[in-house]
$ cat run12.tsv   # TSV, C-alpha atoms and all ligand atoms
chain	number	residue	atom	x	y	z
A	16	MET	CA	-21.05	11.81	-16.00
A	17	ASP	CA	-20.23	14.66	-18.38
A	18	MET	CA	-19.16	12.68	-21.45
A	19	GLY	CA	-18.03	15.82	-23.22
A	20	LYS	CA	-15.42	16.29	-20.53
A	21	VAL	CA	-14.37	12.64	-20.66
A	22	GLU	CA	-13.89	13.00	-24.43
A	23	GLN	CA	-11.75	16.06	-23.81
A	24	LEU	CA	-9.62	14.07	-21.36
A	25	GLN	CA	-9.37	11.26	-23.92
A	26	GLU	CA	-8.05	13.73	-26.49
A	27	TYR	CA	-5.42	15.03	-24.06
A	28	VAL	CA	-4.37	11.47	-23.19
A	29	SER	CA	-4.25	10.36	-26.83
A	30	ASN	CA	-1.98	13.26	-27.80
A	31	ALA	CA	0.23	13.17	-24.70
A	32	LYS	CA	3.76	11.80	-24.51
A	33	ARG	CA	4.62	12.47	-20.87
A	34	ILE	CA	1.59	12.20	-18.63
A	35	VAL	CA	2.14	12.52	-14.90
A	36	PHE	CA	-0.58	11.56	-12.45
A	37	PHE	CA	-0.73	13.10	-9.00
A	38	GLY	CA	-3.13	11.29	-6.68
A	39	GLY	CA	-4.60	11.81	-3.23
A	40	ALA	CA	-6.74	9.89	-0.79
A	41	GLY	CA	-9.73	9.78	-3.15
A	42	VAL	CA	-7.88	7.30	-5.37
A	43	SER	CA	-7.70	4.83	-2.48
A	44	THR	CA	-11.11	5.41	-0.93
A	45	GLU	CA	-12.60	3.93	-4.09
A	46	SER	CA	-10.72	0.73	-3.19
A	47	GLY	CA	-12.32	0.78	0.23
A	48	ILE	CA	-9.43	2.35	2.12
A	49	PRO	CA	-10.77	5.07	4.40
A	50	ASP	CA	-9.29	8.55	4.31
A	51	PHE	CA	-8.04	8.98	7.85
A	52	ARG	CA	-8.09	12.75	7.42
A	53	SER	CA	-11.83	12.86	7.04
A	54	VAL	CA	-12.54	12.83	10.73
A	55	ASP	CA	-15.98	11.41	11.30
A	56	GLY	CA	-18.10	10.59	14.30
A	57	LEU	CA	-16.83	7.03	14.43
A	58	TYR	CA	-13.30	8.13	15.09
A	59	HIS	CA	-14.46	10.40	17.86
A	60	GLN	CA	-16.47	7.68	19.50
A	61	LYS	CA	-13.77	5.09	19.33
A	62	TYR	CA	-10.48	6.91	19.80
A	63	ASP	CA	-9.39	9.31	22.50
A	64	TYR	CA	-7.39	11.46	20.07
A	65	PRO	CA	-7.92	12.81	16.55
A	66	PRO	CA	-6.12	10.91	13.76
A	67	GLU	CA	-3.66	13.78	13.22
A	68	THR	CA	-2.49	13.38	16.81
A	69	ILE	CA	-2.27	9.59	16.72
A	70	LEU	CA	-0.35	9.63	13.46
A	71	SER	CA	2.29	12.05	14.76
A	72	HIS	CA	5.90	11.34	15.56
A	73	THR	CA	5.49	12.38	19.19
A	74	PHE	CA	2.52	10.07	19.66
A	75	PHE	CA	4.36	7.17	18.03
A	76	VAL	CA	7.24	7.58	20.48
A	77	ARG	CA	5.15	8.17	23.61
A	78	LYS	CA	2.13	5.93	23.03
A	79	THR	CA	3.38	3.31	20.62
A	80	ASP	CA	0.72	0.75	21.57
A	81	ASP	CA	-2.11	3.21	20.93
A	82	PHE	CA	-0.49	4.28	17.67
A	83	TYR	CA	-0.41	0.68	16.49
A	84	LYS	CA	-4.00	-0.06	17.51
A	85	PHE	CA	-5.13	2.77	15.22
A	86	TYR	CA	-2.62	1.85	12.53
A	87	TYR	CA	-3.77	-1.78	12.45
A	88	GLU	CA	-7.46	-0.88	12.36
A	89	LYS	CA	-7.42	2.04	9.93
A	90	ILE	CA	-4.25	1.92	7.85
A	91	LEU	CA	-2.80	-1.58	7.55
A	92	LEU	CA	-5.72	-3.26	5.82
A	93	LYS	CA	-5.57	-6.63	4.18
A	94	GLY	CA	-7.11	-7.38	0.84
A	95	ALA	CA	-7.63	-3.92	-0.68
A	96	LYS	CA	-7.58	-4.19	-4.46
A	97	PRO	CA	-6.57	-1.71	-7.16
A	98	ASN	CA	-9.51	-0.02	-8.88
A	99	ALA	CA	-10.00	1.15	-12.47
A	100	ALA	CA	-7.88	4.26	-11.91
A	101	HIS	CA	-4.87	2.25	-10.68
A	102	GLU	CA	-5.26	-0.22	-13.56
A	103	LYS	CA	-5.54	2.42	-16.28
A	104	LEU	CA	-2.53	4.34	-14.99
A	105	ALA	CA	-0.43	1.17	-15.10
A	106	GLU	CA	-1.59	0.57	-18.68
A	107	LEU	CA	-0.70	4.12	-19.69
A	108	GLU	CA	2.78	3.67	-18.25
A	109	ALA	CA	3.24	0.31	-20.01
A	110	ALA	CA	2.20	1.97	-23.28
A	111	GLY	CA	4.94	4.56	-22.82
A	112	LYS	CA	2.56	7.48	-22.35
A	113	LEU	CA	2.86	8.05	-18.62
A	114	THR	CA	6.19	8.71	-16.92
A	115	ALA	CA	5.27	8.67	-13.23
A	116	VAL	CA	2.57	8.34	-10.63
A	117	ILE	CA	3.06	10.62	-7.66
A	118	THR	CA	0.91	9.65	-4.71
A	119	GLN	CA	0.08	10.78	-1.23
A	120	ASN	CA	-1.24	7.31	-0.47
A	121	ILE	CA	0.79	4.69	1.38
A	122	ASP	CA	-1.14	1.54	0.45
A	123	GLY	CA	0.98	0.35	-2.51
A	124	LEU	CA	-2.08	-0.18	-4.74
A	125	HIS	CA	-0.40	1.43	-7.77
A	126	GLN	CA	2.39	-1.16	-7.61
A	127	LYS	CA	-0.18	-3.93	-7.14
A	128	ALA	CA	-1.83	-2.73	-10.37
A	129	GLY	CA	1.52	-2.94	-12.17
A	130	SER	CA	2.85	0.62	-12.07
A	131	LYS	CA	6.66	0.80	-11.95
A	132	LYS	CA	7.50	4.44	-11.36
A	133	VAL	CA	5.57	5.37	-8.22
A	134	LEU	CA	6.77	8.28	-6.12
A	135	GLU	CA	5.29	7.81	-2.66
A	136	LEU	CA	5.42	11.19	-0.96
A	137	HIS	CA	4.14	9.87	2.35
A	138	GLY	CA	5.99	6.55	2.38
A	139	ALA	CA	4.57	3.05	2.20
A	140	VAL	CA	3.10	0.42	4.51
A	141	SER	CA	5.16	-2.16	2.62
A	142	ARG	CA	8.42	-0.87	4.13
A	143	ASN	CA	9.09	-1.20	7.84
A	144	TYR	CA	12.31	-1.08	9.80
A	145	CYS	CA	13.52	-2.03	13.25
A	146	MET	CA	14.50	1.22	14.96
A	147	ASP	CA	17.44	-0.49	16.68
A	148	CYS	CA	19.08	-2.85	14.18
A	149	GLY	CA	17.51	-1.62	10.94
A	150	ALA	CA	16.10	-5.03	9.94
A	151	PHE	CA	13.51	-4.78	7.17
A	152	TYR	CA	9.93	-6.07	7.47
A	153	ASP	CA	7.45	-6.20	4.59
A	154	GLU	CA	3.67	-5.79	4.61
A	155	ASP	CA	3.03	-9.50	5.21
A	156	ALA	CA	5.30	-9.46	8.25
A	157	MET	CA	3.37	-6.49	9.63
A	158	LEU	CA	0.05	-8.23	8.95
A	159	SER	CA	1.25	-11.18	10.99
A	160	PHE	CA	2.21	-8.84	13.85
A	161	LYS	CA	-1.30	-7.42	13.52
A	162	GLU	CA	-2.69	-10.94	13.78
A	163	ASP	CA	-0.62	-11.57	16.93
A	164	TRP	CA	-2.20	-8.47	18.41
A	165	GLN	CA	-5.70	-9.58	17.37
A	166	ASN	CA	-4.99	-12.84	19.18
A	167	GLY	CA	-4.23	-11.02	22.40
A	168	GLY	CA	-0.54	-10.12	21.97
A	169	SER	CA	0.95	-6.68	22.40
A	170	ALA	CA	0.11	-4.08	19.78
A	171	THR	CA	3.64	-2.79	19.29
A	172	PRO	CA	5.62	-5.08	16.97
A	173	HIS	CA	9.07	-5.99	18.21
A	174	CYS	CA	11.94	-7.11	16.01
A	175	PRO	CA	12.41	-10.89	16.35
A	176	LYS	CA	16.16	-10.38	15.84
A	177	CYS	CA	16.90	-7.80	18.53
A	178	GLY	CA	13.68	-6.89	20.34
A	179	GLY	CA	13.66	-3.31	19.04
A	180	VAL	CA	10.48	-1.48	18.05
A	181	ILE	CA	9.52	-1.68	14.38
A	182	LYS	CA	8.47	1.56	12.68
A	183	PRO	CA	6.59	1.82	9.40
A	184	ASP	CA	8.36	3.89	6.71
A	185	VAL	CA	5.42	6.26	6.47
A	186	VAL	CA	5.71	9.98	6.96
A	187	LEU	CA	4.03	10.88	10.24
A	188	TYR	CA	2.86	14.34	11.21
A	189	GLU	CA	5.88	16.41	12.42
A	190	GLU	CA	8.17	14.40	10.13
A	191	GLY	CA	9.69	15.76	6.92
A	192	LEU	CA	9.14	14.34	3.46
A	193	ASP	CA	11.88	12.36	1.79
A	194	GLN	CA	13.96	14.90	-0.12
A	195	ARG	CA	14.81	12.62	-3.03
A	196	THR	CA	11.17	11.67	-3.60
A	197	LEU	CA	10.25	15.36	-3.60
A	198	GLU	CA	13.02	16.23	-6.06
A	199	GLU	CA	11.99	13.42	-8.40
A	200	SER	CA	8.38	14.59	-8.19
A	201	VAL	CA	9.39	18.13	-9.13
A	202	TYR	CA	11.40	16.75	-12.04
A	203	GLU	CA	8.53	14.63	-13.35
A	204	ILE	CA	5.94	17.38	-12.99
A	205	SER	CA	8.14	20.01	-14.62
A	206	HIS	CA	8.78	17.70	-17.61
A	207	ALA	CA	5.17	16.53	-18.08
A	208	ASP	CA	3.01	17.61	-20.98
A	209	VAL	CA	-0.22	16.59	-19.24
A	210	LEU	CA	-0.68	16.63	-15.48
A	211	ILE	CA	-3.73	14.81	-14.16
A	212	ILE	CA	-4.53	15.40	-10.51
A	213	GLY	CA	-7.06	13.08	-8.94
A	214	GLY	CA	-8.72	12.37	-5.64
A	215	THR	CA	-7.35	15.33	-3.75
A	216	SER	CA	-8.72	18.74	-2.89
A	217	LEU	CA	-5.10	19.96	-2.98
A	218	VAL	CA	-5.02	21.28	0.54
A	219	VAL	CA	-2.60	18.72	1.99
A	220	TYR	CA	1.07	19.71	1.93
A	221	PRO	CA	2.95	19.51	-0.43
A	222	ALA	CA	0.44	18.97	-3.22
A	223	ALA	CA	-0.44	22.55	-3.96
A	224	GLY	CA	3.20	23.64	-4.05
A	225	LEU	CA	4.29	20.78	-6.30
A	226	ILE	CA	1.83	21.47	-9.08
A	227	ASP	CA	3.23	24.98	-9.45
A	228	TYR	CA	6.18	23.33	-11.20
A	229	PHE	CA	3.94	22.20	-14.05
A	230	ARG	CA	4.50	24.09	-17.29
A	231	GLY	CA	3.11	21.59	-19.79
A	232	ASP	CA	0.08	21.77	-22.05
A	233	HIS	CA	-2.90	20.61	-20.02
A	234	LEU	CA	-3.74	20.54	-16.34
A	235	VAL	CA	-6.64	18.22	-15.52
A	236	LEU	CA	-8.39	17.93	-12.15
A	237	VAL	CA	-10.59	14.95	-11.34
A	238	ASN	CA	-12.17	15.19	-7.91
A	239	LYS	CA	-15.68	14.73	-6.57
A	240	SER	CA	-15.63	18.11	-4.85
A	241	ALA	CA	-14.15	21.45	-5.85
A	242	THR	CA	-10.42	22.04	-5.35
A	243	SER	CA	-8.41	25.15	-4.62
A	244	ARG	CA	-7.02	25.09	-8.17
A	245	ASP	CA	-10.14	24.57	-10.28
A	246	SER	CA	-9.81	28.01	-11.86
A	247	MET	CA	-6.27	27.21	-13.07
A	248	ALA	CA	-7.15	23.93	-14.76
A	249	ASP	CA	-7.85	23.33	-18.44
A	250	LEU	CA	-10.33	20.63	-17.53
A	251	VAL	CA	-12.18	19.93	-14.28
A	252	ILE	CA	-14.17	16.72	-13.91
A	253	ALA	CA	-16.21	16.50	-10.73
A	254	ASP	CA	-16.66	12.76	-10.63
A	255	SER	CA	-15.32	9.44	-9.37
A	256	ILE	CA	-11.72	8.96	-10.47
A	257	GLY	CA	-12.24	5.23	-11.03
A	258	GLU	CA	-15.29	5.75	-13.20
A	259	VAL	CA	-13.62	8.48	-15.24
A	260	PHE	CA	-10.53	6.37	-15.90
A	261	SER	CA	-12.59	3.30	-16.76
A	262	LYS	CA	-13.87	5.26	-19.77
A	263	ILE	CA	-10.43	6.26	-21.03
A	264	HIS	CA	-8.64	3.99	-23.48
A	265	VAL	CA	-4.89	3.79	-23.87
B	301	ZN	ZN	16.04	-5.27	15.32
$ encode --input "run12.tsv" --output "structure tokens"
Amino acid sequence: MDMGKVEQLQEYVSNAKRIVFFGGAGVSTESGIPDFRSVDGLYHQKYDYPPETILSHTFFVRKTDDFYKFYYEKILLKGAKPNAAHEKLAELEAAGKLTAVITQNIDGLHQKAGSKKVLELHGAVSRNYCMDCGAFYDEDAMLSFKEDWQNGGSATPHCPKCGGVIKPDVVLYEEGLDQRTLEESVYEISHADVLIIGGTSLVVYPAAGLIDYFRGDHLVLVNKSATSRDSMADLVIADSIGEVFSKIHV
């Protein structure tokens, strides 16, 4: 690890008053949650469709059972734990230095680490609603539906109150982002003095567009591989986000 760069990040963090963190899949993969966008051979062997097709609105409506089989195996995973990046971000918020975490992840690990202001651009596995009566189901309820399926029941979860199909409040392909979450994200980014972007190559909508609202002092990119905005950043650290944050003190 380039310690000179970590020291530079430490200096930015120490002097900052309104840090905003924008995170992508790489933040979660370090907690063992696979990035479903990185299509590998395993997916192709096991599933008849690419993840982008399975996780689309049309597919959810037409092949709900197949959607849920994929969702249960790849998305709704029990026992994932926050890593050093989640922990440090929660500490920075508690210390009054960080105003918001904006994430493309749906796993709720930032909240599990203690973060309060988390803007979830793509929704959350912790929120699920019956499409007929609107009844709410949390992550534990969904895990127990998953268990029913593992024990030979149907994959599609049905509302115990009315029999309707339950849908996760996650943004599927073909679906629009929540407008209020987007507006809040724009507000936070445009008022930040330091914007740290981690675990994303910035190609997934709407990441690249959102960071254009940043007009603060320092733009920092932490990602294992190069991103489309490296040339715009004040600091680029090509390393593990968890390891980098574990070296930063609040
Ligand atoms: Zn219902």
$ residues_around --input "run12.tsv" --residues "A:Phe160" --least-positions-apart "4" --cutoff "12 Å" --atoms "only C-alpha atoms" --output "number ranges by chain"
A: 83-84, 86-87, 91, 143, 152-156, 164-175, 180-181
$ residues_near_ligand --input "run12.tsv" --ligand "ligand ZN 301 (chain B)" --cutoff "6 Å" --atoms "all atoms listed in the file" --output "PyMOL selection string"
chain A and resi 145+147-150+174+176-179
$ write_last_selection --input "run12.tsv" --atoms "C-alpha atoms" --output "CSV table (one decimal), in the coordinates of the input"
chain,number,residue,atom,x,y,z
A,145,CYS,CA,13.5,-2.0,13.2
A,147,ASP,CA,17.4,-0.5,16.7
A,148,CYS,CA,19.1,-2.8,14.2
A,149,GLY,CA,17.5,-1.6,10.9
A,150,ALA,CA,16.1,-5.0,9.9
A,174,CYS,CA,11.9,-7.1,16.0
A,176,LYS,CA,16.2,-10.4,15.8
A,177,CYS,CA,16.9,-7.8,18.5
A,178,GLY,CA,13.7,-6.9,20.3
A,179,GLY,CA,13.7,-3.3,19.0
$ closest_residue --input "run12.tsv" --among "A:Arg230, A:Lys20, A:Lys103, A:Lys112" --to "A:Asp254" --atoms "only C-alpha atoms"
A:Lys20
$ residues_around --input "run12.tsv" --residues "A:Gln194" --least-positions-apart "4" --cutoff "12 Å" --atoms "all atoms listed in the file" --output "list in words"
Leu134, Glu135, Leu136, His137, Gly138, Val186, Glu190, Glu198, Glu199, Ser200, Val201 and Pro221 of chain A
$ residues_around --input "run12.tsv" --residues "stretch 69-74 of chain A" --least-positions-apart "6" --cutoff "8 Å" --atoms "only C-alpha atoms" --output "list in words"
Asp81, Phe82, Phe85, Leu187, Tyr188, Glu189 and Glu190 of chain A
$ closest_residue --input "run12.tsv" --among "A:Ala115, A:Thr215, A:Pro183, A:Ile252" --to "A:Thr196" --atoms "only C-alpha atoms"
A:Ala115
$ atom_distance --input "run12.tsv" --atom1 "atom CA of A:Ala40" --atom2 "atom CA of A:Lys96"
14.6 Å
$ closest_residue --input "run12.tsv" --among "A:Val21, A:Ala99, A:Val76, A:Val251" --to "A:Ala128" --atoms "only C-alpha atoms"
A:Ala99
$ closest_residue --input "run12.tsv" --among "A:Val259, A:Ala139, A:Met146, A:Leu210" --to "A:Leu225" --atoms "all atoms listed in the file"
A:Leu210
$ atom_distance --input "run12.tsv" --atom1 "atom CA of A:Arg244" --atom2 "atom CA of A:Leu217"
7.5 Å
$ atom_distance --input "run12.tsv" --atom1 "atom CA of A:Ile263" --atom2 "atom CA of A:Glu22"
8.3 Å
$ closest_residue --input "run12.tsv" --among "A:Met247, A:Ser46, A:Arg33, A:Met18" --to "A:His206" --atoms "only C-alpha atoms"
A:Arg33
$ closest_residue --input "run12.tsv" --among "A:Gly129, A:Gly111, A:Pro97, A:Gly231" --to "A:Glu203" --atoms "all atoms listed in the file"
A:Gly231
$ residues_around --input "run12.tsv" --residues "A:Leu92" --least-positions-apart "3" --cutoff "12 Å" --atoms "only C-alpha atoms" --output "NGL selection string"
:A and (43 or 46-49 or 85-89 or 95-96 or 121-124 or 140-141 or 154-155 or 157-159 or 161-162)
